[in-house]
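The structure appears right after this line, and notes come after that.
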Number of protein chains: 4
Amino acid sequence: MPGNAFGHSFRITTWGESHGPEIGCAIDGAPPGMALSEADIQPWLDRRRPGQSRHTTQRQEPDQARILSGVFEGQTTGTPISVVIENQDVRSKDYDAIKDKFRPGHAEYTYWKKYGHYDHRGGGRSSARETAMRVAAGAVARKVLDHLLPAPVSIRGALVQMGPHGIDRACWDWAEIENNPFWCPDPAAAARWEGFLDGVRKAGSSTGAVIEVTASGVPAGLGEPVYDKLDADLAKAMMSINAVKSVEIGAGLSAAALTGEQNADEMRMTGDEVEFLSNNAGGVLGGISTGQDVVVRFAVKPTSSIRTPRRTVDRHGRDTEISTKGRHDPCVGIRAVPVGEAMMALVLADHLLRQRAQCG
Amino acid sequence: MPGNAFGHSFRITTWGESHGPEIGCAIDGAPPGMALSEADIQPWLDRRRPGQSRHTTQRQEPDQARILSGVFEGQTTGTPISVVIENQDVRSKDYDAIKDKFRPGHAEYTYWKKYGHYDHRGGGRSSARETAMRVAAGAVARKVLDHLLPAPVSIRGALVQMGPHGIDRACWDWAEIENNPFWCPDPAAAARWEGFLDGVRKAGSSTGAVIEVTASGVPAGLGEPVYDKLDADLAKAMMSINAVKSVEIGAGLSAAALTGEQNADEMRMTGDEVEFLSNNAGGVLGGISTGQDVVVRFAVKPTSSIRTPRRTVDRHGRDTEISTKGRHDPCVGIRAVPVGEAMMALVLADHLLRQRAQCG
Amino acid sequence: MPGNAFGHSFRITTWGESHGPEIGCAIDGAPPGMALSEADIQPWLDRRRPGQSRHTTQRQEPDQARILSGVFEGQTTGTPISVVIENQDVRSKDYDAIKDKFRPGHAEYTYWKKYGHYDHRGGGRSSARETAMRVAAGAVARKVLDHLLPAPVSIRGALVQMGPHGIDRACWDWAEIENNPFWCPDPAAAARWEGFLDGVRKAGSSTGAVIEVTASGVPAGLGEPVYDKLDADLAKAMMSINAVKSVEIGAGLSAAALTGEQNADEMRMTGDEVEFLSNNAGGVLGGISTGQDVVVRFAVKPTSSIRTPRRTVDRHGRDTEISTKGRHDPCVGIRAVPVGEAMMALVLADHLLRQRAQCG
Amino acid sequence: MPGNAFGHSFRITTWGESHGPEIGCAIDGAPPGMALSEADIQPWLDRRRPGQSRHTTQRQEPDQARILSGVFEGQTTGTPISVVIENQDVRSKDYDAIKDKFRPGHAEYTYWKKYGHYDHRGGGRSSARETAMRVAAGAVARKVLDHLLPAPVSIRGALVQMGPHGIDRACWDWAEIENNPFWCPDPAAAARWEGFLDGVRKAGSSTGAVIEVTASGVPAGLGEPVYDKLDADLAKAMMSINAVKSVEIGAGLSAAALTGEQNADEMRMTGDEVEFLSNNAGGVLGGISTGQDVVVRFAVKPTSSIRTPRRTVDRHGRDTEISTKGRHDPCVGIRAVPVGEAMMALVLADHLLRQRAQCG
C-alpha cells in the first residue's frame with residue numbers, strides 16, 4: 001500500500017512534485033450540503049505562502065487553489081473534492097549544479113536507494129511544496145468541523161522556540177501571532193528572533209524550531225483505541241511533515257520527570273460540567289479526547305539546504321562537497337505552523353466522522 | 001473504521017480486555033514457509049511479564065502464548081496466525097470500591113464519554129494488558145525480518161531516564177540491560193534508580209520514564225512517502241502505547257536548537273559503502289530509512305493509579321476523592337521497553353513487505 | 001495487504017483452519033450499548049451446522065460459539081468482539097491417502113503455487129469451515145442493523161435452483177423454507193429435489209445450485225459511489241464464498257436481454273412515499289440502495305470432492321487419479337444459504353456505519 | 001470510508017463529474033523506473049471514446065489524457081501518477097428540462113436520498129464519464145504487468161450478447177473484434193447486431209448486453225484468501241461499472257447445472273507443466289489464479305435514458321412522466337468493453353503487487 005493518502009473516513013490523497021506543472025489533492029468524505037468555495041481555502045494557503053517576509057524563501061507563487069470537483073451550486077455534493085495549484089516560478093536550473101550530489105539531511109539519498117532514481121529538481125515529491133495541499137485540505141477539514149459540530153473548534157498554531165531561544169509562556173498572547181513574521185505569541189521573543197534569524201541567514205546557515213498547535217472546543221469522545229488513538233494519529237500527522245523530528249502531547253517529554261501526583265489532572269464538577277484542574281494530558285486520555293484543549297508540539301530540524309559547504313558523496317560513489325545556493329527558508333519551522341494546524345484539522349475531521357459511524 | 005488493527009501489509013488485529021477470559025491477536029501477512037512455534041514468542045513475552053522484580057506489578061501470570069492457526073508442521077502457511085493468552089490472576093474485586101470514580105489520567109472518563117459505558121475492571125480494553133499481544137506479534141515480526149533479509153536486524157530497547165534521572169550516554173553498554181531490573185544500559189544509573197524507585201513505591205506515588213529503541217541492520221529504502229513515512233509510522237506506533245506522551249527520532253527535540261551545519265549528517269565513501277559521519281537523522285531521511293541505526297525515543301508519563309488521594313468526580317456527577325489500591329507498576333516505563341521494541345519490529349516488518357510490493 | 005478481513009467501518013477478521021484447534025474472528029466497529037450474548041449467535045450457526053439431514057456432510061460438530069471480548073454485563077462495549085468455535089470431530093486421517101494429489105476444482109493446487117506448501121487436512125484455510133465465522137459475525141451484523149435502524153431489516157435466503165432443477169417463482173412461500181432440508185421456498189420443487197439429490201449422492205457425484213438472498217426494510221441511501229457501491233460490495237461478498245461462480249443483482253443476467261422500457265422500474269407516489277412499480281434494479285441504483293428489497297442471487301458450483309475418479313497430478317509432477325472418500329456435501333449450495341444471508345448482513349451493517357459517518 | 005478509490009497496493013482514486021471542468025485520478029503504487037507517457041494511455045482511451053460510430057453517443061470529446069505527476073524524464077518515479085482529462089462538449093442545458101425528475105433506473109433518486117442534493121447535469125459523479133479514468137488507470141496497470149512479469153499478459157474484451165442475441169462461440173475470432181463497432185468476435189453476429197441496434201435506436205429505446213473479458217498469461221498464485229480472493233475482487237470491479245447487473249467467472253451461472261464430474265477441470269502433466277483439460281474454473285481456484293486464462297463475464301442493463309416516456313416522480317413528490325432527449329448510447333455495453341478490460345488490469349496489477357509483498 002503506497003503512502004500518499006491520509007485519514008480513513010475523511011481521506012485525502014495528494015500528488016505532485018515541486019517542479020511539475022501542478023500539485024493537487026482529492027479530498028473524500030466531506031459531508032454533502034456544506035457551503036464551500038475557493039474563498040474558504042485561499043486565506044489558509046496565503047498564510048503558508050513563501051516570500052511574505054525576508055525570513056522565508058523568496059520563491060514567489062500566488063498559490064491559487066482551484067476546486068475542480070465535488071462542489072455544485074456552492075455546496076459540497078459528498079463526492080471527492082479535487083483541489084489543484086499550479087506551480088509557478090520554478091527555477092529547475094538552480095539544481096543543475098548539484099543534481100548528482102546528495103544534500104546531507106535531504107531525502108535525495110533515500111529516494112535514490114528506494115526508487116533507483118528521483119526528480120532532483122527542488123526535491124520532487126519530497127519537497128515541502130507538497131504541504132500546500134495539506135493546508136488546502138486542512139481548510140476543508142475546518143469547514144467539516146464547523147458544519148458538523150454545534151460549537152466552533154478553534155485550531156491555532158504558534159512558534160514557541162527558534163533555535164535555542166524559547167518564549168516566555170507567561171507572556172503568551174494569541175493576538176500577537178499575526179503581528180510578527182514568526183507566528184510568535186510572545187512579542188518580546190519575536191523581536192529577539194528577528195536579529196537571530198537575520199544572523200543565521202547571512203551566515204548561510206539555518207536553524208530549527210518548535211511549533212505548538214492547540215485545538216479548543218474539541219468534543220470529548222474522539223479517538224479510536226487502541227492503535228488509532230487520537231494522539232497516535234496526531235503523532236503520525238505531525239511527524240509526516242517535512243523535517244519534523246519530535247512530537248509531544250500535553251506535558252510531553254517533561255511528563256517523564258513528574259510524579260503521579262504532579263501529573264494527574266484532577267477533576268471537579270462545575271455545575272453539570274466536569275472541569276479539569278490542569279491539562280498535562282494535552283486533552284487526550286486513553287487515546288480519546290477529554291473535551292479539554294488538544295495540545296500538540298513538534299520540533300523541526302534546521303533546513304538541510306545551507307550555503308556552508310558540507311562533505312557528502314555523489315551518485316557515482318565519489319566523495320565531494322556541497323553548498324546549496326537556491327532560495328531556501330533559513331527556518332522551515334515558520335511555514336510549518338499553518339501546516340501543523342492543517343494536520344490537526346485533518347485528524348480531528350477524520351476522527352469526528354469515525355466517531356459518528358460507530359457511536360452516532 | 002475502528003482502531004484495533006495496526007499495519008497494512010503486515011497487519012495485526014488485537015482483541016480482549018484486562019479481566020476477560022483471554023486476549024488475542026490475528027497476525028496477517030507473514031510470508032509462508034517460515035519456521036514458527038510458541039518458543040519463538042514466549043521469550044519476548046517473558047521479558048514483558050509482570051512480577052519479575054519488586055519494581056513492577058505483583059500480578060502473577062504465566063502469559064503463555066498459544067498459536068491456534070497459520071502454522072502447519074512447524075511452518076507458517078501464509079494464513080492468519082492467531083495467538084491467544086489466557087488471563088489468570090485477575091482480581092476484579094480490587095476495582096469494586098472505585099468502580100464509579102474516574103481515576104485522573106486514566107481512560108475511564110473518555111471511554112465513558114465515547115461509548116457510554118465501560119468495563120471498569122482493570123481498565124478493560126484500555127489496560128496495558130493489551131500490550132502483551134503487541135509483544136507476541138512483535139516476536140513474529142522479528143521472525144519475518146530475519147526470514148526475508150540477508151542480514152539480521154537487531155532491535156533493542158533501553159530505559160534512558162527514570163523520573164528526572166537520566167543516564168550517562170558515555171557509559172552505554174548494551175550488555176548491561178539484562179543485568180538490572182530496568183533495562184538500563186548504564187549500571188551506575190541503574191544502581192541509583194533502585195533506591196529512587198523504592199522511595200516512589202513506598203510513598204504510594206509513581207514516576208515517568210524515557211525509553212530508547214534502536215534497530216540496527218535496517219536496509220536503506222524502507223518507508224512510504226509522504227504520509228506513511230517510516231518515522232511517521234514509528235511515531236504513531238509508539239504514541240499508541242499506553243501512557244506515552246512524546247516520540248522523538250534521532251536528535252529529536254534537541255534538533256530544534258541546532259544549526260544546519262551541526263545537524264547535517266555528512267557522508268563519505270568507505271570502499272563502496274556510503275558512511276554517515278553522525279546520525280542526527282535517527283536513520284530516517286524524507287521518511288525513508290538510510291541504512292543507519294533507526295533510533296526512536298519516547299516518554300512515558302507516571303502511572304495514573306497511585307495510592308495518594310486525588311480529587312476527581314464520579315459517574316453520577318459528584319465531586320469525590322480517589323486512592324487506587326490495586327497492584328500497579330510504580331514506573332510503567334520499565335515494562336514499556338519490550339513493548340517499544342515490539343512496535344519497532346511491527347513497523348519495520350510492515351514497511352519491508354510494502355517495499356517488496358512496489359520496489360521488489 | 002493480506003485478505004482475511006472484510007468491511008471497513010464494520011470490519012471482521014477471521015482466522016483458523018478446518019483441522020486446527022479453533023476457528024475465530026474479531027468483529028470490530030459494533031456500536032456500544034447493544035445487548036449481545038452467545039444466544040444471539042447460536043441459532044444462526046445452528047442453521048449452517050452440518051449433519052442435520054442426510055443431504056449434508058455427516059461431520060458432527062456442535063459449533064458452539066464463545067464470545068471472549070467486547071461484551072461487558074451483557075452489552076457491547078464498542079471494542080472488538082472475539083468469537084471462537086472449537087473444531088471437533090476432525091478426521092485428518094481421511095486425507096492421508098490423497099495428501100499429495102490435487103483435487104480438481106479444489107484450492108490445493110493454487111495454495112501450493114502461491115504459498116509453496118499448505119495444510120492438506122480438510123482444505124486448511126480454504127475449507128468452507130471458515131464460513132462458520134461469517135455466520136457468527138453476520139449474526140452480530142443483524143444485531144447492529146436492528147440496534148441502529150428504526151424498523152427491522154429482514155434478511156432471508158432461499159435455494160432457487162438445484163442442479164438443473166429450478167423452482168416455480170409463482171409458488172414462492174417464505175414460510176416453506178424451514179419445512180424442507182434445502183431452504184426451498186417452493187414445496188413441490190423441494191420434494192423433487194429429495195430424490196434428485198439422493199441419486200447424486202449415491203452415484204458418488206455432486207451438484208451445483210443457485211441461492212437468492214433478499215433484504216427487506218433496507219433504508220434508501222446506503223452504498224458508496226463509485227467503487228464501493230452497495231452492489232459491488234455485495235458481489236465481492238458473495239463471490240468470496242467458497243464455490244461461488246456468479247453473482248447477480250435484481251434482474252441480473254436476464255437484464256441483458258431486456259429493452260430500456262422493460263427494464264425501467266417506474267415510480268409513482270403513494271401518499272408521501274415513492275413506490276417503484278417493479279424491482280429489476282434489485283434495490284440498488286447507482287450503487288446506492290433505493291429502499292426496495294435488495295435482491296442478490298449467486299450460483300455455486302458442484303462440490304469438487306467426489307467419489308468418481310478424476311484425472312489429476314500430484315505434488316511430484318506425476319499423472320494420477322483421485323477419488324475423494326471423506327464426508328462431503330453432495331450440494332454445498334444448501335449450506336451456502338445461511339452464509340449468503342450473513343454476507344448480506346455484513347455488507348449492510350458496514351454501509352450503514354459508513355453512511356452515518358458522512359451523511360449522519 | 002468513502003468509496004472513490006480502488007485497489008490496495010496498486011490504488012487509484014478518481015474524482016470529477018460529467019459536466020465539471022475536468023475529471024482525474026491519482027494512481028499510486030506503480031513501480032519506479034517504468035517507461036510511461038501519455039502515448040501509453042491514449043490508445044486505450046480512444047477505444048472507449050464516444051462518437052466513433054452511429055451506435056454510441058454523439059458527444060464529441062478528444063479525451064486527451066495529461067500526466068501531471070509521477071513521471072520524470074520518461075520514467076515513473078514511484079510517486080502518485082496524476083492523470084486528468086478536460087471535459088469538453090458538455091451540454092448542460094440538455095438536462096434543464098428534466099432536472100427535477102428522476103429518470104427510472106438512474107442514480108439521481110438514490111443520490112438525492114443519500115446526499116440530499118446532486119449535480120443533475122449528465123449524472124454528475126454517477127455518469128459513465130467517470131469510467132474514462134478507469135481506462136486511463138487501466139492503461140498504467142497494463143504497463144505494470146508488462147514491467148514486472150517475465151511474459152506479457154494479454155487482456156482482451158468482447159461483446160458476446162446484445163439484447164437477446166448471443167454469438168456462436170464456435171466462430172470466436174479475436175481478430176474480428178476490431179472489425180466491427182461492437183467488439184464482437186463473431187462477424188456474423190456483428191452483422192445481425194447492426195440492424196438490431198439501428199432499430200433500437202430509431203425506436204428511442206435501448207438494449208442490454210453481455211461482455212466477456214479474458215486475461216491470458218496470468219501467473220498462478222495471484223489472489224488473497226479468504227475475502228480478497230481474485231474472483232471476489234473481479235466481481236467487485238465489474239459490478240462497480242455503471243449499469244452492470246451480473247458477474248460470472250468461468251462457467252459462471254451455468255456451473256449450477258453441472259455435475260461434479262462435468263465441472264472438474266482435470267489435470268495432466270505436459271512435460272514439466274501442469275495442463276488443465278478444461279477451464280470451468282475461469283482460471284481461479286480458492287480465490288487464487290491457476291495459470292489458465294482468467295475469464296470474467298458481466299451483463300449490462302439497457303441504458304436508462306430513453307426517449308420513450310416512462311412514469312416517474314419528481315423532487316417535489318409529484319407523479320410525472322419523463323422522456324430523455326440527450327445524446328445517449330442505445331447500448332452502453334459496447335463502451336463497457338474497454339472499461340471491463342481496464343478493471344481486469346487494475347485487479348491483476350493490485351494482486352501482483354500484493355503477492356510480491358507476502359510471497360516475494
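Labeling convention for the C-alpha cells: chains A, B, ... as they appear, residues from 1 per chain, ligands from 1 in order of appearance.
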
Every residue of range 39-173 of chain B that DSSP places in strand (DSSP E), as an mmCIF file with all heavy atoms, in the first residue's frame:
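The resulting selection.cif:
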```
data_model
loop_
_atom_site.group_PDB
_atom_site.id
_atom_site.type_symbol
_atom_site.label_atom_id
_atom_site.label_comp_id
_atom_site.auth_asym_id
_atom_site.auth_seq_id
_atom_site.Cartn_x
_atom_site.Cartn_y
_atom_site.Cartn_z
ATOM 1 N N ALA B 65 1.701 -18.027 25.614
ATOM 2 C CA ALA B 65 1.086 -17.828 24.309
ATOM 3 C C ALA B 65 0.742 -19.164 23.664
ATOM 4 O O ALA B 65 1.534 -20.113 23.731
ATOM 5 C CB ALA B 65 2.028 -17.059 23.393
ATOM 6 N N ARG B 66 -0.419 -19.220 23.029
ATOM 7 C CA ARG B 66 -0.781 -20.379 22.228
ATOM 8 C C ARG B 66 -1.056 -19.937 20.803
ATOM 9 O O ARG B 66 -1.746 -18.946 20.580
ATOM 10 C CB ARG B 66 -2.036 -21.067 22.782
ATOM 11 C CG ARG B 66 -1.744 -21.969 23.984
ATOM 12 C CD ARG B 66 -2.974 -22.798 24.341
ATOM 13 N NE ARG B 66 -4.138 -21.938 24.497
ATOM 14 C CZ ARG B 66 -5.375 -22.250 24.082
ATOM 15 N NH1 ARG B 66 -5.590 -23.404 23.454
ATOM 16 N NH2 ARG B 66 -6.381 -21.421 24.273
ATOM 17 N N ILE B 67 -0.507 -20.661 19.837
ATOM 18 C CA ILE B 67 -0.762 -20.392 18.422
ATOM 19 C C ILE B 67 -1.906 -21.293 17.975
ATOM 20 O O ILE B 67 -1.809 -22.519 18.101
ATOM 21 C CB ILE B 67 0.494 -20.669 17.571
ATOM 22 C CG1 ILE B 67 1.612 -19.694 17.952
ATOM 23 C CG2 ILE B 67 0.168 -20.556 16.082
ATOM 24 C CD1 ILE B 67 2.927 -19.948 17.230
ATOM 25 N N VAL B 71 -0.032 -21.973 11.256
ATOM 26 C CA VAL B 71 1.222 -22.733 11.279
ATOM 27 C C VAL B 71 0.873 -24.205 11.064
ATOM 28 O O VAL B 71 -0.043 -24.726 11.698
ATOM 29 C CB VAL B 71 1.962 -22.549 12.625
ATOM 30 C CG1 VAL B 71 3.216 -23.420 12.677
ATOM 31 C CG2 VAL B 71 2.317 -21.081 12.830
ATOM 32 N N PHE B 72 1.568 -24.850 10.161
ATOM 33 C CA PHE B 72 1.320 -26.266 9.873
ATOM 34 C C PHE B 72 2.661 -26.963 9.765
ATOM 35 O O PHE B 72 3.540 -26.505 9.028
ATOM 36 C CB PHE B 72 0.521 -26.410 8.566
ATOM 37 C CG PHE B 72 0.227 -27.829 8.184
ATOM 38 C CD1 PHE B 72 -0.530 -28.649 9.030
ATOM 39 C CD2 PHE B 72 0.692 -28.345 6.989
ATOM 40 C CE1 PHE B 72 -0.821 -29.964 8.676
ATOM 41 C CE2 PHE B 72 0.405 -29.674 6.632
ATOM 42 C CZ PHE B 72 -0.349 -30.478 7.476
ATOM 43 N N GLN B 75 5.686 -24.711 10.199
ATOM 44 C CA GLN B 75 5.966 -23.606 9.277
ATOM 45 C C GLN B 75 4.718 -22.750 9.060
ATOM 46 O O GLN B 75 3.597 -23.270 9.015
ATOM 47 C CB GLN B 75 6.406 -24.175 7.933
ATOM 48 C CG GLN B 75 7.815 -24.731 7.955
ATOM 49 C CD GLN B 75 8.336 -24.917 6.549
ATOM 50 O OE1 GLN B 75 7.713 -25.586 5.740
ATOM 51 N NE2 GLN B 75 9.469 -24.299 6.259
ATOM 52 N N THR B 76 4.932 -21.465 8.862
ATOM 53 C CA THR B 76 3.807 -20.596 8.543
ATOM 54 C C THR B 76 3.241 -20.995 7.178
ATOM 55 O O THR B 76 3.977 -21.407 6.280
ATOM 56 C CB THR B 76 4.237 -19.123 8.478
ATOM 57 O OG1 THR B 76 5.340 -19.013 7.578
ATOM 58 C CG2 THR B 76 4.653 -18.606 9.842
ATOM 59 N N ILE B 81 -2.165 -15.896 11.593
ATOM 60 C CA ILE B 81 -1.625 -16.545 12.785
ATOM 61 C C ILE B 81 -2.381 -16.000 13.986
ATOM 62 O O ILE B 81 -2.288 -14.822 14.304
ATOM 63 C CB ILE B 81 -0.112 -16.249 12.911
ATOM 64 C CG1 ILE B 81 0.622 -16.749 11.675
ATOM 65 C CG2 ILE B 81 0.457 -16.865 14.190
ATOM 66 C CD1 ILE B 81 2.011 -16.135 11.500
ATOM 67 N N SER B 82 -3.157 -16.860 14.609
ATOM 68 C CA SER B 82 -3.915 -16.438 15.791
ATOM 69 C C SER B 82 -3.118 -16.805 17.029
ATOM 70 O O SER B 82 -2.730 -17.954 17.202
ATOM 71 C CB SER B 82 -5.267 -17.155 15.805
ATOM 72 O OG SER B 82 -5.926 -16.928 17.025
ATOM 73 N N VAL B 83 -2.882 -15.825 17.887
ATOM 74 C CA VAL B 83 -2.165 -16.061 19.136
ATOM 75 C C VAL B 83 -3.069 -15.620 20.285
ATOM 76 O O VAL B 83 -3.658 -14.533 20.229
ATOM 77 C CB VAL B 83 -0.842 -15.269 19.191
ATOM 78 C CG1 VAL B 83 -0.098 -15.534 20.502
ATOM 79 C CG2 VAL B 83 0.040 -15.615 18.001
ATOM 80 N N VAL B 84 -3.218 -16.472 21.283
ATOM 81 C CA VAL B 84 -4.027 -16.092 22.448
ATOM 82 C C VAL B 84 -3.262 -16.345 23.738
ATOM 83 O O VAL B 84 -2.360 -17.182 23.803
ATOM 84 C CB VAL B 84 -5.362 -16.869 22.512
ATOM 85 C CG1 VAL B 84 -6.246 -16.537 21.307
ATOM 86 C CG2 VAL B 84 -5.130 -18.356 22.606
ATOM 87 N N ILE B 85 -3.623 -15.591 24.746
ATOM 88 C CA ILE B 85 -3.093 -15.750 26.101
ATOM 89 C C ILE B 85 -4.283 -15.735 27.052
ATOM 90 O O ILE B 85 -5.147 -14.858 26.963
ATOM 91 C CB ILE B 85 -2.134 -14.597 26.480
ATOM 92 C CG1 ILE B 85 -0.934 -14.569 25.536
ATOM 93 C CG2 ILE B 85 -1.679 -14.729 27.928
ATOM 94 C CD1 ILE B 85 -0.004 -13.382 25.786
ATOM 95 N N GLU B 86 -4.278 -16.685 27.944
ATOM 96 C CA GLU B 86 -5.339 -16.733 28.942
ATOM 97 C C GLU B 86 -5.060 -15.681 30.017
ATOM 98 O O GLU B 86 -3.927 -15.470 30.409
ATOM 99 C CB GLU B 86 -5.315 -18.134 29.574
ATOM 100 C CG GLU B 86 -6.651 -18.628 30.063
ATOM 101 C CD GLU B 86 -6.492 -20.022 30.658
ATOM 102 O OE1 GLU B 86 -5.726 -20.831 30.094
ATOM 103 O OE2 GLU B 86 -7.122 -20.274 31.690
ATOM 104 N N SER B 154 18.832 -6.115 14.421
ATOM 105 C CA SER B 154 18.845 -6.202 15.877
ATOM 106 C C SER B 154 18.031 -5.052 16.449
ATOM 107 O O SER B 154 18.342 -3.891 16.200
ATOM 108 C CB SER B 154 20.292 -6.145 16.363
ATOM 109 O OG SER B 154 20.327 -5.920 17.749
ATOM 110 N N ILE B 155 16.982 -5.389 17.186
ATOM 111 C CA ILE B 155 16.103 -4.366 17.780
ATOM 112 C C ILE B 155 16.254 -4.428 19.287
ATOM 113 O O ILE B 155 15.964 -5.468 19.900
ATOM 114 C CB ILE B 155 14.635 -4.621 17.386
ATOM 115 C CG1 ILE B 155 14.476 -4.535 15.867
ATOM 116 C CG2 ILE B 155 13.711 -3.643 18.090
ATOM 117 C CD1 ILE B 155 13.124 -4.974 15.366
ATOM 118 N N ARG B 156 16.738 -3.348 19.869
ATOM 119 C CA ARG B 156 16.997 -3.347 21.303
ATOM 120 C C ARG B 156 16.472 -2.085 21.952
ATOM 121 O O ARG B 156 16.635 -0.986 21.408
ATOM 122 C CB ARG B 156 18.494 -3.444 21.557
ATOM 123 C CG ARG B 156 19.072 -4.783 21.151
ATOM 124 C CD ARG B 156 20.555 -4.854 21.362
ATOM 125 N NE ARG B 156 21.274 -3.926 20.488
ATOM 126 C CZ ARG B 156 22.607 -3.897 20.333
ATOM 127 N NH1 ARG B 156 23.339 -4.755 21.014
ATOM 128 N NH2 ARG B 156 23.172 -3.030 19.534
ATOM 129 N N GLY B 157 15.862 -2.229 23.109
ATOM 130 C CA GLY B 157 15.355 -1.084 23.832
ATOM 131 C C GLY B 157 16.065 -0.896 25.157
ATOM 132 O O GLY B 157 16.593 -1.856 25.718
ATOM 133 N N ALA B 158 16.039 0.324 25.649
ATOM 134 C CA ALA B 158 16.672 0.612 26.930
ATOM 135 C C ALA B 158 15.921 1.743 27.617
ATOM 136 O O ALA B 158 15.349 2.609 26.958
ATOM 137 C CB ALA B 158 18.130 1.012 26.724
ATOM 138 N N LEU B 159 15.950 1.727 28.949
ATOM 139 C CA LEU B 159 15.403 2.844 29.711
ATOM 140 C C LEU B 159 16.529 3.854 29.864
ATOM 141 O O LEU B 159 17.600 3.510 30.362
ATOM 142 C CB LEU B 159 14.923 2.354 31.080
ATOM 143 C CG LEU B 159 13.798 3.148 31.751
ATOM 144 C CD1 LEU B 159 12.502 2.964 30.968
ATOM 145 C CD2 LEU B 159 13.602 2.663 33.179
ATOM 146 N N VAL B 160 16.324 5.070 29.401
ATOM 147 C CA VAL B 160 17.412 6.055 29.441
ATOM 148 C C VAL B 160 17.139 7.184 30.430
ATOM 149 O O VAL B 160 18.002 8.042 30.651
ATOM 150 C CB VAL B 160 17.691 6.628 28.033
ATOM 151 C CG1 VAL B 160 18.154 5.529 27.086
ATOM 152 C CG2 VAL B 160 16.483 7.362 27.471
ATOM 153 N N GLN B 161 15.965 7.189 31.017
ATOM 154 C CA GLN B 161 15.659 8.181 32.057
ATOM 155 C C GLN B 161 14.554 7.618 32.926
ATOM 156 O O GLN B 161 13.588 7.069 32.416
ATOM 157 C CB GLN B 161 15.205 9.501 31.415
ATOM 158 C CG GLN B 161 14.954 10.619 32.417
ATOM 159 C CD GLN B 161 14.429 11.898 31.743
ATOM 160 O OE1 GLN B 161 14.843 12.257 30.642
ATOM 161 N NE2 GLN B 161 13.534 12.590 32.406
ATOM 162 N N MET B 162 14.748 7.750 34.258
ATOM 163 C CA MET B 162 13.661 7.391 35.165
ATOM 164 C C MET B 162 13.342 8.612 36.014
ATOM 165 O O MET B 162 14.230 9.125 36.714
ATOM 166 C CB MET B 162 14.037 6.219 36.056
ATOM 167 C CG MET B 162 12.889 5.885 37.032
ATOM 168 S SD MET B 162 13.273 4.531 38.112
ATOM 169 C CE MET B 162 13.207 3.168 36.972
ATOM 170 N N HIS B 165 15.910 11.405 36.475
ATOM 171 C CA HIS B 165 17.280 10.886 36.482
ATOM 172 C C HIS B 165 17.660 10.196 35.183
ATOM 173 O O HIS B 165 17.198 9.092 34.901
ATOM 174 C CB HIS B 165 17.457 9.898 37.643
ATOM 175 C CG HIS B 165 17.008 10.462 38.954
ATOM 176 N ND1 HIS B 165 17.620 11.542 39.551
ATOM 177 C CD2 HIS B 165 15.965 10.131 39.763
ATOM 178 C CE1 HIS B 165 17.001 11.833 40.688
ATOM 179 N NE2 HIS B 165 15.987 10.998 40.832
ATOM 180 N N GLY B 166 18.523 10.826 34.425
ATOM 181 C CA GLY B 166 18.964 10.253 33.149
ATOM 182 C C GLY B 166 20.163 9.340 33.317
ATOM 183 O O GLY B 166 20.664 9.123 34.417
#
```

Spatial neighbours of range 33-38 of chain A, max dist 12 Å, only C-alpha atoms, sep filter under 5 positions, as a ChimeraX atom specification: /A:43-45,63-79,81-85,136-137,139-148 /C:358-360 /D:112,114-119

Go ahead and write the selection's residues with C-alpha atoms as an mmCIF file, in the first residue's frame.
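Output below, filename result_7.cif:
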```cif
data_model
loop_
_atom_site.group_PDB
_atom_site.id
_atom_site.type_symbol
_atom_site.label_atom_id
_atom_site.label_comp_id
_atom_site.auth_asym_id
_atom_site.auth_seq_id
_atom_site.Cartn_x
_atom_site.Cartn_y
_atom_site.Cartn_z
ATOM 1 C CA PRO A 43 -6.740 32.517 3.193
ATOM 2 C CA TRP A 44 -5.104 29.466 4.757
ATOM 3 C CA LEU A 45 -2.859 28.962 1.747
ATOM 4 C CA ASP A 63 -0.618 29.512 -4.854
ATOM 5 C CA GLN A 64 -4.107 29.973 -6.161
ATOM 6 C CA ALA A 65 -6.298 26.980 -5.335
ATOM 7 C CA ARG A 66 -8.845 25.767 -7.854
ATOM 8 C CA ILE A 67 -11.678 23.379 -6.981
ATOM 9 C CA LEU A 68 -12.349 21.026 -9.894
ATOM 10 C CA SER A 69 -15.000 18.696 -8.498
ATOM 11 C CA GLY A 70 -17.243 17.817 -5.591
ATOM 12 C CA VAL A 71 -18.955 21.198 -5.348
ATOM 13 C CA PHE A 72 -22.172 22.056 -7.184
ATOM 14 C CA GLU A 73 -24.003 25.339 -6.891
ATOM 15 C CA GLY A 74 -21.757 26.339 -3.991
ATOM 16 C CA GLN A 75 -22.331 23.217 -1.937
ATOM 17 C CA THR A 76 -20.431 20.007 -1.448
ATOM 18 C CA THR A 77 -22.088 17.029 -3.105
ATOM 19 C CA GLY A 78 -20.467 14.311 -0.980
ATOM 20 C CA THR A 79 -18.207 13.286 -3.879
ATOM 21 C CA ILE A 81 -13.270 17.441 -3.893
ATOM 22 C CA SER A 82 -10.325 17.901 -6.222
ATOM 23 C CA VAL A 83 -8.120 20.890 -5.452
ATOM 24 C CA VAL A 84 -5.158 21.865 -7.607
ATOM 25 C CA ILE A 85 -2.499 24.568 -7.539
ATOM 26 C CA ALA A 136 -5.794 23.316 1.299
ATOM 27 C CA ALA A 137 -7.259 20.040 2.567
ATOM 28 C CA ALA A 139 -9.163 24.253 5.174
ATOM 29 C CA VAL A 140 -11.859 21.844 4.030
ATOM 30 C CA ALA A 141 -11.426 19.862 7.259
ATOM 31 C CA ARG A 142 -12.044 23.020 9.292
ATOM 32 C CA LYS A 143 -15.266 23.522 7.345
ATOM 33 C CA VAL A 144 -16.304 19.957 8.146
ATOM 34 C CA LEU A 145 -15.770 20.530 11.854
ATOM 35 C CA ASP A 146 -17.770 23.764 11.704
ATOM 36 C CA HIS A 147 -20.512 22.092 9.712
ATOM 37 C CA LEU A 148 -20.973 19.102 11.975
ATOM 38 C CA GLN C 358 -20.538 11.034 6.111
ATOM 39 C CA CYS C 359 -24.254 11.744 5.964
ATOM 40 C CA GLY C 360 -25.258 11.475 9.615
ATOM 41 C CA TRP D 112 -30.811 12.581 -3.724
ATOM 42 C CA LYS D 114 -28.235 9.756 0.208
ATOM 43 C CA TYR D 115 -26.762 13.209 -0.153
ATOM 44 C CA GLY D 116 -29.820 15.441 -0.120
ATOM 45 C CA HIS D 117 -28.849 17.118 -3.369
ATOM 46 C CA TYR D 118 -26.948 16.249 -6.517
ATOM 47 C CA ASP D 119 -25.462 17.509 -9.728
#
```
